[in-house]
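Here is the file input.txt (compact mmCIF, C-alpha atoms).
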```txt
# COMPACT_ATOMS: atom_id res chain seq x y z
CA MET A 18 101.35 153.07 78.73
CA ALA A 19 103.77 151.35 76.36
CA ASP A 20 106.47 153.87 77.21
CA LYS A 21 106.33 153.08 80.93
CA ARG A 22 109.02 150.84 82.36
CA ASP A 23 108.15 147.94 84.62
CA TYR A 24 107.92 149.28 88.19
CA TYR A 25 109.97 146.39 89.56
CA GLU A 26 112.65 147.11 86.97
CA VAL A 27 112.66 150.80 87.96
CA LEU A 28 113.48 149.85 91.57
CA GLY A 29 115.89 147.10 90.53
CA LEU A 30 113.69 144.32 91.96
CA HIS A 31 112.13 141.06 90.86
CA LYS A 32 108.37 140.54 90.86
CA GLY A 33 107.19 139.32 94.24
CA ALA A 34 109.62 141.45 96.25
CA SER A 35 108.68 141.90 99.90
CA GLU A 36 107.56 145.16 101.51
CA SER A 37 110.93 145.63 103.20
CA GLU A 38 112.80 144.96 99.94
CA ILE A 39 110.64 147.52 98.12
CA LYS A 40 111.23 150.14 100.81
CA LYS A 41 114.98 149.48 100.88
CA ALA A 42 115.25 149.69 97.08
CA PHE A 43 113.24 152.94 97.03
CA ARG A 44 115.54 154.58 99.58
CA LYS A 45 118.60 153.56 97.60
CA LYS A 46 117.23 154.83 94.28
CA ALA A 47 115.82 158.02 95.83
CA MET A 48 119.23 158.79 97.28
CA GLN A 49 120.90 158.09 93.92
CA TYR A 50 118.67 160.38 91.87
CA HIS A 51 117.79 163.00 94.52
CA PRO A 52 117.73 166.52 92.97
CA ASP A 53 120.01 167.86 95.70
CA LYS A 54 122.67 165.39 94.59
CA ASN A 55 122.10 166.00 90.89
CA PRO A 56 121.45 169.73 90.50
CA GLY A 57 120.39 170.68 86.99
CA ASP A 58 120.43 167.05 85.79
CA LYS A 59 117.16 166.56 83.90
CA LYS A 60 117.72 162.82 83.43
CA ALA A 61 118.20 162.36 87.17
CA GLU A 62 115.10 164.44 87.81
CA GLU A 63 113.02 162.22 85.51
CA ALA A 64 114.50 159.09 87.08
CA PHE A 65 113.63 160.45 90.53
CA LYS A 66 110.01 160.97 89.47
CA GLU A 67 109.92 157.48 87.94
CA VAL A 68 111.24 155.95 91.17
CA ASN A 69 108.61 157.76 93.25
CA GLU A 70 105.83 156.67 90.89
CA ALA A 71 106.98 153.05 91.11
CA TYR A 72 107.13 153.19 94.90
CA SER A 73 103.69 154.81 95.21
CA ILE A 74 102.24 151.75 93.45
CA LEU A 75 104.32 148.93 94.92
CA SER A 76 104.12 150.25 98.50
CA ASP A 77 100.32 150.15 98.37
CA SER A 78 99.20 146.54 98.84
CA GLU A 79 95.96 147.00 96.87
CA LYS A 80 97.64 148.77 93.95
CA LYS A 81 100.53 146.29 93.99
CA GLU A 82 98.11 143.37 93.71
CA ARG A 83 96.38 144.96 90.71
CA TYR A 84 99.73 145.79 89.11
CA ASP A 85 101.03 142.24 89.61
CA ARG A 86 97.90 140.88 87.85
CA PHE A 87 97.31 143.41 85.07
CA GLY A 88 100.50 145.47 84.77
CA HIS A 89 100.22 149.21 84.20
CA ALA A 90 96.61 148.88 83.08
CA GLY A 91 95.68 147.63 86.54
CA VAL A 92 96.71 150.92 88.18
CA ASP A 93 95.73 153.29 85.41
CA PRO A 94 92.44 154.98 86.42
CA ASN A 95 91.60 155.42 82.74
CA ALA A 96 92.21 151.79 81.81
CA GLY A 97 89.12 150.40 83.55
CA PHE A 98 90.80 147.43 85.26
CA GLY A 99 89.44 146.78 88.69
CA GLY A 100 91.05 143.45 89.50
CA GLY A 101 87.69 141.92 90.49
CA GLY A 102 86.76 138.26 90.36
CA GLY A 103 83.58 137.86 88.34
CA GLY A 104 84.83 134.98 86.22
CA GLY A 105 87.72 133.50 84.29
CA PHE A 106 88.77 134.40 80.79
CA GLY A 107 91.96 132.91 79.36
CA GLY A 108 93.41 132.50 82.84
CA VAL A 109 92.68 136.13 83.82
CA GLU A 110 89.71 137.20 85.93
CA PHE A 111 87.53 140.22 85.10
CA ASP A 112 84.41 141.64 86.67
CA PHE A 113 81.47 142.84 84.56
CA GLY A 114 82.75 146.38 84.68
CA ASP A 115 86.06 145.27 83.18
CA LEU A 116 84.32 143.62 80.23
CA GLY A 117 82.20 146.72 79.68
CA ASP A 118 85.28 148.92 79.58
CA ILE A 119 87.07 146.58 77.19
CA PHE A 120 84.17 146.62 74.74
CA GLY A 121 83.86 150.34 75.31
CA SER A 122 87.35 150.85 73.93
CA PHE A 123 86.07 149.43 70.59
CA PHE A 124 82.48 150.64 70.52
CA GLY A 125 82.57 153.88 72.50
CA GLY A 126 80.78 152.34 75.49
CA GLY A 127 80.17 149.15 77.41
CA MET A 128 78.13 146.01 76.90
CA GLY A 129 74.52 146.30 77.92
CA GLY A 130 74.07 145.56 81.59
CA MET A 131 77.82 145.36 82.13
CA GLY A 132 78.82 148.98 82.67
CA GLY A 133 78.22 149.34 86.39
CA GLY A 134 81.82 148.54 87.32
CA SER A 135 83.27 151.88 86.20
CA ALA A 136 80.74 153.94 88.12
CA ARG A 137 81.22 151.83 91.22
CA ARG A 138 84.98 152.31 91.05
CA ARG A 139 84.63 156.06 90.61
CA ASN A 140 82.57 156.23 93.78
CA MET A 141 84.80 153.93 95.79
CA PRO A 142 86.89 155.43 98.59
CA ARG A 143 90.36 156.28 97.30
CA LYS A 144 93.51 157.04 99.18
CA GLY A 145 94.90 160.53 98.67
CA GLN A 146 98.08 161.28 96.77
CA ASN A 147 101.40 160.91 98.59
CA LEU A 148 103.57 164.01 98.96
CA GLN A 149 107.31 164.47 99.24
CA VAL A 150 109.49 167.22 100.69
CA SER A 151 113.23 167.65 101.16
CA LEU A 152 114.71 168.48 104.56
CA HIS A 153 118.28 169.68 105.12
CA LEU A 154 120.06 168.63 108.32
CA THR A 155 123.40 169.45 109.88
CA PHE A 156 125.79 166.59 110.53
CA ASN A 157 125.09 166.66 114.28
CA GLU A 158 121.30 166.87 113.82
CA ALA A 159 121.42 163.65 111.84
CA ALA A 160 123.75 161.97 114.33
CA PHE A 161 121.88 162.91 117.51
CA GLY A 162 118.31 163.32 116.23
CA VAL A 163 116.18 166.45 116.31
CA THR A 164 112.63 167.70 115.90
CA LYS A 165 112.20 169.84 112.79
CA LYS A 166 109.24 171.56 111.19
CA VAL A 167 108.53 171.34 107.49
CA LYS A 168 106.21 173.63 105.58
CA LEU A 169 104.30 172.44 102.56
CA LYS A 170 101.29 173.45 100.51
CA LYS A 171 98.70 170.78 100.00
CA MET A 172 95.02 170.34 99.32
CA ALA A 173 92.75 170.11 102.35
CA GLU A 174 89.05 169.77 102.97
CA CYS A 175 87.32 173.10 102.41
CA SER A 176 86.40 174.53 105.82
CA ALA A 177 83.45 176.47 104.38
CA CYS A 178 81.57 173.51 102.90
CA HIS A 179 83.27 170.72 104.86
CA GLY A 180 84.30 169.00 101.66
CA THR A 181 80.86 168.75 100.05
CA GLY A 182 81.57 171.38 97.39
CA ALA A 183 78.08 172.85 97.90
CA ALA A 184 77.50 176.35 99.27
CA ASN A 185 76.64 176.64 102.94
CA GLY A 186 72.99 175.80 103.52
CA THR A 187 72.69 173.82 100.28
CA ALA A 188 73.41 170.22 99.34
CA LYS A 189 74.14 168.09 96.32
CA SER A 190 71.16 166.91 94.31
CA THR A 191 70.52 163.80 92.25
CA CYS A 192 71.77 164.16 88.70
CA ARG A 193 68.78 164.63 86.39
CA ALA A 194 70.67 163.42 83.32
CA CYS A 195 71.28 159.91 84.67
CA GLY A 196 68.80 159.73 87.53
CA GLY A 197 71.61 159.21 90.02
CA SER A 198 73.09 156.09 88.40
CA GLY A 199 76.18 157.87 87.13
CA GLN A 200 75.66 156.33 83.68
CA VAL A 201 73.70 156.90 80.52
CA GLN A 202 72.72 154.15 78.10
CA THR A 203 72.62 154.44 74.32
CA GLN A 204 71.93 151.98 71.52
CA GLN A 205 74.67 151.58 68.92
CA ASN A 206 74.91 149.55 65.70
CA THR A 207 78.28 147.94 64.97
CA PRO A 208 79.63 145.43 62.44
CA PHE A 209 79.10 142.83 65.18
CA GLY A 210 75.46 143.76 65.71
CA ALA A 211 73.54 146.12 67.95
CA PHE A 212 75.07 146.85 71.33
CA SER A 213 73.65 148.67 74.27
CA SER A 214 76.39 151.11 75.20
CA ILE A 215 76.69 152.36 78.77
CA ASN A 216 78.85 155.44 79.28
CA THR A 217 79.76 157.60 82.22
CA CYS A 218 77.36 160.48 82.64
CA SER A 219 79.03 163.68 81.44
CA ALA A 220 76.87 165.86 83.67
CA CYS A 221 77.93 164.36 87.00
CA HIS A 222 81.10 162.54 85.84
CA GLY A 223 79.80 159.25 87.17
CA THR A 224 79.06 160.39 90.73
CA GLY A 225 75.27 160.47 90.34
CA GLU A 226 75.12 163.87 92.05
CA VAL A 227 75.47 167.47 90.93
CA ILE A 228 76.12 170.71 92.78
CA ASP A 229 73.54 173.37 91.96
CA THR A 230 75.14 176.10 94.10
CA PRO A 231 78.92 175.63 94.31
CA CYS A 232 80.83 176.77 97.38
CA LYS A 233 82.48 180.14 96.69
CA ASP A 234 85.64 179.27 98.64
CA CYS A 235 86.53 176.13 96.73
CA GLY A 236 84.51 176.55 93.52
CA GLY A 237 82.67 173.28 94.15
CA SER A 238 85.74 171.04 94.41
CA GLY A 239 85.39 170.57 98.16
CA ARG A 240 89.09 171.33 98.60
CA THR A 241 91.33 174.34 99.06
CA ARG A 242 95.10 174.63 99.01
CA VAL A 243 96.54 175.43 102.40
CA GLU A 244 100.01 175.81 103.89
CA SER A 245 100.73 173.32 106.64
CA THR A 246 103.52 173.19 109.20
CA ILE A 247 104.22 169.63 110.24
CA PRO A 248 106.61 168.56 113.04
CA VAL A 249 109.01 165.82 112.00
CA GLU A 250 110.83 163.66 114.52
CA ILE A 251 114.29 162.94 113.12
CA PRO A 252 115.70 159.77 114.72
CA ALA A 253 119.32 159.69 115.82
CA GLY A 254 121.53 157.98 113.24
CA ILE A 255 119.59 158.90 110.11
CA ASP A 256 121.83 159.19 107.06
CA ASP A 257 121.91 161.25 103.89
CA GLY A 258 119.21 160.30 101.37
CA MET A 259 117.03 158.35 103.80
CA ALA A 260 113.27 158.91 103.89
CA ILE A 261 110.91 159.37 106.82
CA THR A 262 107.29 158.38 106.26
CA ILE A 263 104.60 160.39 108.04
CA PRO A 264 101.29 158.56 107.54
CA GLY A 265 98.20 160.62 106.76
CA GLU A 266 99.96 163.91 106.01
CA GLY A 267 99.56 163.71 102.23
CA GLU A 268 96.66 164.89 100.09
CA PRO A 269 93.14 164.08 101.37
CA GLY A 270 91.40 161.01 100.00
CA THR A 271 88.29 161.02 97.85
CA ASN A 272 84.88 159.50 98.56
CA GLY A 273 85.81 159.03 102.19
CA GLY A 274 89.16 157.41 101.44
CA PRO A 275 92.17 157.88 103.77
CA PRO A 276 94.69 160.65 103.15
CA GLY A 277 98.02 159.92 101.49
CA ASP A 278 101.38 159.89 103.25
CA LEU A 279 104.20 162.40 103.42
CA TYR A 280 107.74 161.31 102.56
CA VAL A 281 110.49 163.48 104.02
CA ILE A 282 113.79 162.94 102.17
CA VAL A 283 116.72 164.15 104.27
CA SER A 284 120.00 165.55 103.02
CA VAL A 285 122.85 165.81 105.53
CA ALA A 286 125.60 168.43 105.40
CA LYS A 287 129.25 167.35 105.54
CA HIS A 288 131.29 167.74 108.75
CA GLN A 289 134.48 169.79 108.84
CA LEU A 290 136.43 166.98 110.56
CA PHE A 291 134.55 163.69 110.37
CA THR A 292 133.67 161.48 107.43
CA ARG A 293 130.75 159.13 107.95
CA LYS A 294 130.65 155.57 106.59
CA GLY A 295 127.47 153.89 107.79
CA ASP A 296 127.50 154.16 111.57
CA ASP A 297 131.30 154.59 111.70
CA LEU A 298 133.20 157.85 111.72
CA TRP A 299 136.66 158.46 110.23
CA LEU A 300 139.09 161.15 111.31
CA GLU A 301 142.64 162.09 110.25
CA ILE A 302 144.99 163.57 112.85
CA PRO A 303 148.45 164.96 111.94
CA ILE A 304 151.42 163.97 114.15
CA THR A 305 155.09 164.88 113.98
CA PHE A 306 158.06 162.61 113.36
CA ASP A 307 159.18 162.72 116.99
CA GLN A 308 155.65 161.92 118.22
CA ALA A 309 155.46 158.89 115.91
CA ALA A 310 158.96 157.70 116.82
CA LEU A 311 158.83 158.25 120.57
CA GLY A 312 155.13 157.84 121.20
CA THR A 313 152.82 160.46 122.61
CA THR A 314 149.33 161.15 123.93
CA ILE A 315 147.06 163.00 121.54
CA THR A 316 143.67 164.64 122.04
CA VAL A 317 141.02 163.05 119.82
CA PRO A 318 137.72 164.88 119.24
CA THR A 319 134.52 162.84 119.07
CA LEU A 320 131.00 164.01 118.32
CA SER A 321 130.30 164.67 122.01
CA GLU A 322 133.61 165.06 123.82
CA LYS A 323 137.41 165.05 123.69
CA VAL A 324 139.28 161.89 124.66
CA GLN A 325 142.97 161.18 125.23
CA TYR A 326 144.63 158.46 123.18
CA LYS A 327 148.13 157.07 123.67
CA VAL A 328 150.03 156.68 120.40
CA PRO A 329 152.68 153.95 120.85
CA ALA A 330 156.33 154.53 119.97
CA GLY A 331 157.26 153.55 116.43
CA THR A 332 153.84 154.29 114.96
CA GLN A 333 154.01 154.25 111.18
CA PRO A 334 152.33 156.78 108.84
CA ASP A 335 148.66 156.09 108.03
CA THR A 336 148.24 153.73 110.97
CA VAL A 337 144.56 153.47 111.92
CA PHE A 338 143.38 153.27 115.52
CA ARG A 339 139.83 152.36 116.54
CA LEU A 340 137.87 153.96 119.36
CA LYS A 341 134.98 151.60 120.07
CA GLY A 342 131.48 153.02 120.41
CA LYS A 343 132.49 156.58 119.50
CA GLY A 344 130.68 156.61 116.16
CA VAL A 345 127.03 157.30 115.27
CA LYS A 346 124.05 155.67 116.97
CA HIS A 347 122.50 152.86 114.98
CA LEU A 348 119.14 153.89 113.56
CA ARG A 349 117.44 150.95 115.28
CA GLY A 350 118.54 149.83 118.69
CA ASN A 351 121.01 151.29 121.15
CA LYS A 352 124.25 150.30 119.41
CA TYR A 353 126.90 152.74 118.23
CA GLY A 354 129.46 152.63 115.46
CA HIS A 355 133.19 153.21 115.99
CA LEU A 356 135.56 156.10 115.43
CA PHE A 357 138.56 155.25 113.25
CA VAL A 358 141.54 157.59 113.62
CA LYS A 359 144.23 157.63 110.92
CA VAL A 360 147.50 159.29 111.92
CA LYS A 361 149.08 161.37 109.16
CA LEU A 362 152.81 162.05 109.46
CA GLU A 363 153.44 165.73 108.87
CA VAL A 364 156.82 166.68 107.39
CA PRO A 365 158.01 170.24 108.16
CA THR A 366 158.44 172.42 105.09
CA LYS A 367 159.94 175.65 106.42
CA LEU A 368 163.14 175.10 108.41
CA THR A 369 165.78 177.50 109.65
CA SER A 370 169.46 176.68 109.22
CA ASP A 371 169.70 175.66 112.88
CA GLN A 372 166.71 173.35 112.53
CA LYS A 373 168.20 171.73 109.43
CA LYS A 374 171.51 171.18 111.27
CA ALA A 375 169.64 169.62 114.21
CA LEU A 376 167.85 167.20 111.91
CA LYS A 377 171.10 166.21 110.19
CA ASP A 378 172.72 165.61 113.56
CA MET A 379 169.77 163.45 114.59
CA ALA A 380 169.92 161.46 111.36
CA SER A 381 173.63 160.76 111.77
CA LYS A 382 173.13 159.63 115.35
CA VAL A 383 170.10 157.47 114.64
CA GLY A 384 171.69 155.69 111.67
CA PRO A 385 170.06 153.61 108.94
CA GLU A 386 169.81 150.49 111.13
CA ALA A 387 166.93 152.11 113.04
CA TYR A 388 164.82 152.11 109.88
CA ALA A 389 163.78 148.50 109.38
CA ARG A 390 161.87 148.99 106.12
CA ARG A 391 164.55 151.21 104.64
CA LYS A 392 167.26 148.67 105.47
CA SER A 393 165.18 145.82 104.03
CA PHE A 394 164.61 147.79 100.83
CA SER A 395 168.33 148.65 100.51
CA ASP A 396 169.28 144.99 100.98
CA ALA A 397 166.78 143.96 98.30
CA VAL A 398 168.23 146.50 95.84
CA LYS A 399 171.78 145.27 96.50
CA GLU A 400 170.72 141.68 95.94
CA LEU A 401 168.91 142.63 92.72
CA PHE A 402 172.04 144.16 91.16
CA SER A 403 174.67 141.92 92.73
```

Step by step, read the file and then write its structure as structure tokens.
Amino acid sequence: MADKRDYYEVLGLHKGASESEIKKAFRKKAMQYHPDKNPGDKKAEEAFKEVNEAYSILSDSEKKERYDRFGHAGVDPNAGFGGGGGGGFGGVEFDFGDLGDIFGSFFGGGMGGMGGGSARRRNMPRKGQNLQVSLHLTFNEAAFGVTKKVKLKKMAECSACHGTGAANGTAKSTCRACGGSGQVQTQQNTPFGAFSSINTCSACHGTGEVIDTPCKDCGGSGRTRVESTIPVEIPAGIDDGMAITIPGEGEPGTNGGPPGDLYVIVSVAKHQLFTRKGDDLWLEIPITFDQAALGTTITVPTLSEKVQYKVPAGTQPDTVFRLKGKGVKHLRGNKYGHLFVKVKLEVPTKLTSDQKKALKDMASKVGPEAYARRKSFSDAVKELFS
């Protein structure tokens, strides 16, 4: 575990971060390292996995508490830390099972009478593993919301044995090697004296039960891999890289524990006209010189309709106009962003001789005094070299 980074550091947080801060940091990091945004980038792929691992621990209140107390050892199923409260030792609390596992790391087993913790933890209900899928959306689907269906393969309770792992008509039996305790005890001599070593029973793997006639469909595991189609409600206003959590659609739990959750990471396609910035939309519309000089009414497309907008006379290039409430719906609440329209002055490139003559005539009639900025610049140049 020495090579693992601190989970808070992975998400860019400080210890003690709130649930909302953890979720917000996860979304940001997941969007940064998402495989769709970093195709073929192995480092980004590893970072993405690291982010998901960190979130799976810190988003679970029970695992987060153990991690805050014991670090990585507290959430490592092989480390033996249970986070119990049997007594104090150097400012850190351990239960009897913890002490047995610690001594077991030196002597190959636990202290006599102190090995029950591991077996109890193995038989405790455990939440199933969380799953993650990617979902591609069009620009409008993300803006207006949509119901999509995602397909994924996951483990599910075997329908033949109903999760017991035993063939139909049979049942699990008490393990004869350990008598149902899930542990076997041996005596061991060490430099510190004789210790009664308690180890997990290898026959039943600590469960206390064995399957004499395994189910043919699942091979005794109690689970089979199935393909599921799950409807996903996409809320209006969701943005690229955001995640939707669907509780209970992950892998099934063990020992009666709840199933994990499903995280749907969305990626949103670009729009041919609009650029999205938060809930606001940006749009560039070309106008001609005469439209900018004299003013005009232009047709502005929005996500749902066309609107007319009056461009005032004397509009300068790159002027930005705002159309209130014509952006994207806010993800929470009934507010909408705005549509910002930037006018781009288009200069003609292919002119006939008559068109060139007309422009020269116009320029001579308009005169330099009509161009305030040009006149100001010319005056400044004259003053500079006078």

Residue nearest Cys235 in chain A - candidates A:Ser176, A:Gln372, A:Gln204, A:Ser284, atoms counted: all atoms listed in the file: A:Ser176

Using only C-alpha atoms, what table do you get, as CSV, when you list each residue of range 128-192 of chain A with an atom no more than 12 Å from range 344-357 of chain A, its nearest pair of atoms, and their distance in Å rounded to one decimal, rows by chain then rising number?
```
residue,atom,partner,partner_atom,distance
A:Phe156,CA,A:Val345,CA,10.5
A:Asn157,CA,A:Val345,CA,9.6
A:Glu158,CA,A:Val345,CA,11.2
A:Ala159,CA,A:Val345,CA,9.1
A:Ala160,CA,A:Val345,CA,5.8
A:Phe161,CA,A:Lys346,CA,7.6
A:Gly162,CA,A:Lys346,CA,9.6
```

Residue among A:Gln49, A:Ser214, A:Ala387, A:Glu36 lying closest to Gln202 in chain A, counting only C-alpha atoms: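 Once distances to Gln202 in chain A are computed over only C-alpha atoms, the minimum belongs to A:Ser214.
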
Which residue is closest to Val317 in chain A? Choose from A:Val358, A:Val283, A:Met48, A:Val167 and count only C-alpha atoms. A:Val358

So which one's closest to Lys144 in chain A, A:Thr187, A:Ser37, A:Asn216, A:Asn272? Using only C-alpha atoms, please. A:Asn272

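Minimum atom-to-atom distances from A:Lys80, A:Lys233, A:Lys287, A:Arg44 to Gly29 in chain A were compared using all atoms listed in the file, and the lowest value belongs to A:Arg44.
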
Could you tell me how far CA of Asn147 in chain A sits from CA of Leu30 in chain A, in Å to one decimal place? 21.7 Å

Would you list the contacts of Asp23 in chain A as JSON, numbers by chain, taking every protein, DNA or RNA residue within 9 Å and counting only C-alpha atoms, but skipping same-chain residues closer than 6 positions in sequence? {"A": [71, 88, 89]}

What's the 7 Å shell around Cys221 in chain A, counting only C-alpha atoms, without same-chain residues fewer than 4 positions away, as a PyMOL selection string? chain A and resi 192+199+225-227

Work out how far CA of Ile263 in chain A is from CA of Val163 in chain A, in Å to one decimal.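 Between CA of Val163 in chain A and CA of Ile263 in chain A the gap is 15.5 Å.
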
Please measure the separation of CA of Glu322 in chain A and CA of Glu250 in chain A, giving the value in Å to one decimal.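 Atom-to-atom, CA of Glu322 in chain A to CA of Glu250 in chain A, that is 24.6 Å.
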
Please provide the set of residues having any atom within 10 Å of Glu67 in chain A, restricted to only C-alpha atoms, with same-chain residues fewer than 4 positions apart removed, written as a list in words. Lys21, Arg22, Tyr24, Val27, Leu28, Ala47, Ala61, Glu62, Glu63, Ala71, Tyr72 and Ser73 of chain A

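Comparing A:Val360, A:Ile247, A:Ala260, A:Ala188 by their smallest distance to His153 in chain A, the closest is A:Ala260 (using all atoms listed in the file).
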
What's around Lys359 in chain A at 10 Å? Count all atoms listed in the file, leave out sequence neighbours fewer than 2 positions away in its own chain, and write the answer as a list in words.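 That gives Trp299, Leu300, Glu301, Ile302, Pro303, Pro334, Asp335, Thr336, Val337, Phe338, Arg339, Leu356, Phe357, Lys361 and Leu362 of chain A.
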